[in-house]
Amino acid sequence: MNKTRRSELRKIQRAIENALSDIKYVIDEEQDALDNLPENLQNSMRASDMEDKISDMEDICGDLEDIITALDGVMF
């Protein structure tokens with residue numbers, strides 16, 4: 001792979017890293033919101049939905065981390 005294509009992949013990798021960071025921020029915010037739900041909502045469908053969304057976002061983060069690692073392998 002030439003330097004130009006490797007540079008393009010590195011830009012893509014940085015964009016994915018930024019997206020990963022943004023998603024982790026959203027996870028933290030959603031977790032804080034979940035932790036601060038009033039007691040009467042802690043066992044509600046809303047809380048369950050929030051937990052599911054957090055779990056889904058954590059799965060996405062794992063996938064993005066795998067992509068970042070895979071790009072390292074392609075570039076070198």
# chains A, B, ... in the order shown; residues from 1 in each chain; ligands from 1
$ select_by_dssp --residues "chain A" --states "alpha helix (DSSP H)" --output "ChimeraX atom specification"
/A:3-35,45-75
$ residues_around --residues "region 54-59 of chain A" --least-positions-apart "2" --cutoff "8 Å" --atoms "only C-alpha atoms" --output "short mmCIF file (atom, residue, chain, number, x, y, z; two decimals) with N, CA and C atoms, in the first residue's frame"
data_model
loop_
_atom_site.label_atom_id
_atom_site.label_comp_id
_atom_site.auth_asym_id
_atom_site.auth_seq_id
_atom_site.Cartn_x
_atom_site.Cartn_y
_atom_site.Cartn_z
N ILE A 23 -19.54 8.43 21.06
CA ILE A 23 -20.51 7.43 21.53
C ILE A 23 -20.28 7.13 23.01
N LYS A 24 -19.02 7.03 23.42
CA LYS A 24 -18.73 6.80 24.83
C LYS A 24 -19.25 7.95 25.69
N ILE A 27 -22.92 7.43 26.03
CA ILE A 27 -23.15 6.34 26.98
C ILE A 27 -23.07 6.88 28.41
N GLU A 30 -26.13 8.97 29.16
CA GLU A 30 -27.33 8.14 29.31
C GLU A 30 -27.28 7.36 30.62
N GLN A 31 -26.09 6.87 30.98
CA GLN A 31 -25.95 6.15 32.24
C GLN A 31 -26.23 7.07 33.43
N MET A 50 -33.65 2.33 28.43
CA MET A 50 -32.38 3.04 28.56
C MET A 50 -31.23 2.04 28.72
N GLU A 51 -31.43 1.02 29.55
CA GLU A 51 -30.41 -0.01 29.74
C GLU A 51 -30.10 -0.73 28.44
N ASP A 52 -31.15 -1.04 27.67
CA ASP A 52 -30.95 -1.71 26.38
C ASP A 52 -30.15 -0.83 25.42
N CYS A 61 -19.43 0.25 20.35
CA CYS A 61 -18.07 0.66 20.71
C CYS A 61 -17.09 -0.50 20.52
N GLY A 62 -17.48 -1.67 20.94
CA GLY A 62 -16.62 -2.84 20.74
C GLY A 62 -16.37 -3.10 19.27
N ASP A 63 -17.41 -2.96 18.46
CA ASP A 63 -17.25 -3.15 17.01
C ASP A 63 -16.31 -2.11 16.42
#
$ residues_around --residues "region 4-10 of chain A" --least-positions-apart "2" --cutoff "9 Å" --atoms "only C-alpha atoms" --output "NGL selection string"
:A and (1-2 or 12-15 or 71-72 or 74-76)
$ closest_residue --among "A:Ala33, A:Gly73, A:Lys3, A:Ile60" --to "Ala47 (chain A)" --atoms "only C-alpha atoms"
A:Ala33
$ closest_residue --among "A:Leu41, A:Asp35, A:Ser48, A:Glu65" --to "Ser21 (chain A)" --atoms "only C-alpha atoms"
A:Glu65
$ closest_residue --among "A:Glu39, A:Asp66, A:Asp49, A:Asp32" --to "Leu20 (chain A)" --atoms "only C-alpha atoms"
A:Asp66
$ atom_distance --atom1 "CA of Met45 (chain A)" --atom2 "CA of Glu29 (chain A)"
18.7 Å
$ decode --residues "chain A" --atoms "C-alpha atoms" --output "JSON list (two decimals), in the first residue's frame"
[["chain", "number", "residue", "atom", "x", "y", "z"],
["A", 1, "MET", "CA", 0.00, 0.00, 0.00],
["A", 2, "ASN", "CA", 1.37, 3.37, -0.91],
["A", 3, "LYS", "CA", 1.75, 6.36, 1.38],
["A", 4, "THR", "CA", -1.29, 8.20, -0.02],
["A", 5, "ARG", "CA", -3.72, 5.33, 0.53],
["A", 6, "ARG", "CA", -2.25, 4.65, 3.96],
["A", 7, "SER", "CA", -2.77, 8.32, 4.81],
["A", 8, "GLU", "CA", -6.40, 8.13, 3.70],
["A", 9, "LEU", "CA", -6.97, 5.07, 5.86],
["A", 10, "ARG", "CA", -5.38, 6.85, 8.82],
["A", 11, "LYS", "CA", -7.83, 9.74, 8.34],
["A", 12, "ILE", "CA", -10.69, 7.26, 8.33],
["A", 13, "GLN", "CA", -9.30, 5.58, 11.42],
["A", 14, "ARG", "CA", -9.14, 8.93, 13.25],
["A", 15, "ALA", "CA", -12.74, 9.66, 12.26],
["A", 16, "ILE", "CA", -13.79, 6.30, 13.69],
["A", 17, "GLU", "CA", -11.80, 7.02, 16.86],
["A", 18, "ASN", "CA", -13.63, 10.35, 17.17],
["A", 19, "ALA", "CA", -16.98, 8.64, 16.65],
["A", 20, "LEU", "CA", -16.04, 6.09, 19.31],
["A", 21, "SER", "CA", -15.22, 8.87, 21.74],
["A", 22, "ASP", "CA", -18.52, 10.61, 20.99],
["A", 23, "ILE", "CA", -20.51, 7.43, 21.53],
["A", 24, "LYS", "CA", -18.73, 6.80, 24.83],
["A", 25, "TYR", "CA", -19.71, 10.32, 25.89],
["A", 26, "VAL", "CA", -23.35, 9.61, 25.03],
["A", 27, "ILE", "CA", -23.15, 6.34, 26.98],
["A", 28, "ASP", "CA", -21.88, 8.21, 30.04],
["A", 29, "GLU", "CA", -24.64, 10.80, 29.73],
["A", 30, "GLU", "CA", -27.33, 8.14, 29.31],
["A", 31, "GLN", "CA", -25.95, 6.15, 32.24],
["A", 32, "ASP", "CA", -26.04, 9.28, 34.40],
["A", 33, "ALA", "CA", -29.64, 9.89, 33.36],
["A", 34, "LEU", "CA", -30.52, 6.30, 34.18],
["A", 35, "ASP", "CA", -28.77, 6.48, 37.55],
["A", 36, "ASN", "CA", -30.70, 9.64, 38.39],
["A", 37, "LEU", "CA", -34.17, 8.39, 37.48],
["A", 38, "PRO", "CA", -36.69, 8.91, 40.24],
["A", 39, "GLU", "CA", -37.27, 5.81, 42.34],
["A", 40, "ASN", "CA", -40.74, 5.26, 40.88],
["A", 41, "LEU", "CA", -39.22, 4.98, 37.37],
["A", 42, "GLN", "CA", -36.22, 2.79, 38.18],
["A", 43, "ASN", "CA", -38.07, -0.44, 37.33],
["A", 44, "SER", "CA", -40.11, 1.00, 34.48],
["A", 45, "MET", "CA", -40.10, 0.25, 30.77],
["A", 46, "ARG", "CA", -38.31, 3.56, 30.30],
["A", 47, "ALA", "CA", -35.43, 2.41, 32.52],
["A", 48, "SER", "CA", -35.31, -0.94, 30.74],
["A", 49, "ASP", "CA", -35.20, 0.80, 27.37],
["A", 50, "MET", "CA", -32.38, 3.04, 28.56],
["A", 51, "GLU", "CA", -30.41, -0.01, 29.74],
["A", 52, "ASP", "CA", -30.95, -1.71, 26.38],
["A", 53, "LYS", "CA", -29.75, 1.37, 24.49],
["A", 54, "ILE", "CA", -26.66, 1.65, 26.67],
["A", 55, "SER", "CA", -25.88, -2.01, 26.03],
["A", 56, "ASP", "CA", -26.37, -1.55, 22.28],
["A", 57, "MET", "CA", -24.04, 1.46, 22.26],
["A", 58, "GLU", "CA", -21.42, -0.51, 24.23],
["A", 59, "ASP", "CA", -21.63, -3.24, 21.58],
["A", 60, "ILE", "CA", -21.14, -0.62, 18.87],
["A", 61, "CYS", "CA", -18.07, 0.66, 20.71],
["A", 62, "GLY", "CA", -16.62, -2.84, 20.74],
["A", 63, "ASP", "CA", -17.25, -3.15, 17.01],
["A", 64, "LEU", "CA", -15.59, 0.20, 16.33],
["A", 65, "GLU", "CA", -12.58, -0.79, 18.42],
["A", 66, "ASP", "CA", -12.29, -3.97, 16.34],
["A", 67, "ILE", "CA", -12.42, -1.90, 13.13],
["A", 68, "ILE", "CA", -9.71, 0.43, 14.42],
["A", 69, "THR", "CA", -7.51, -2.57, 15.19],
["A", 70, "ALA", "CA", -8.23, -4.14, 11.81],
["A", 71, "LEU", "CA", -7.26, -0.92, 10.03],
["A", 72, "ASP", "CA", -3.93, -1.00, 11.84],
["A", 73, "GLY", "CA", -3.35, -4.42, 10.33],
["A", 74, "VAL", "CA", -4.22, -3.24, 6.85],
["A", 75, "MET", "CA", -2.01, -0.17, 6.99],
["A", 76, "PHE", "CA", 1.15, -1.92, 8.19]]
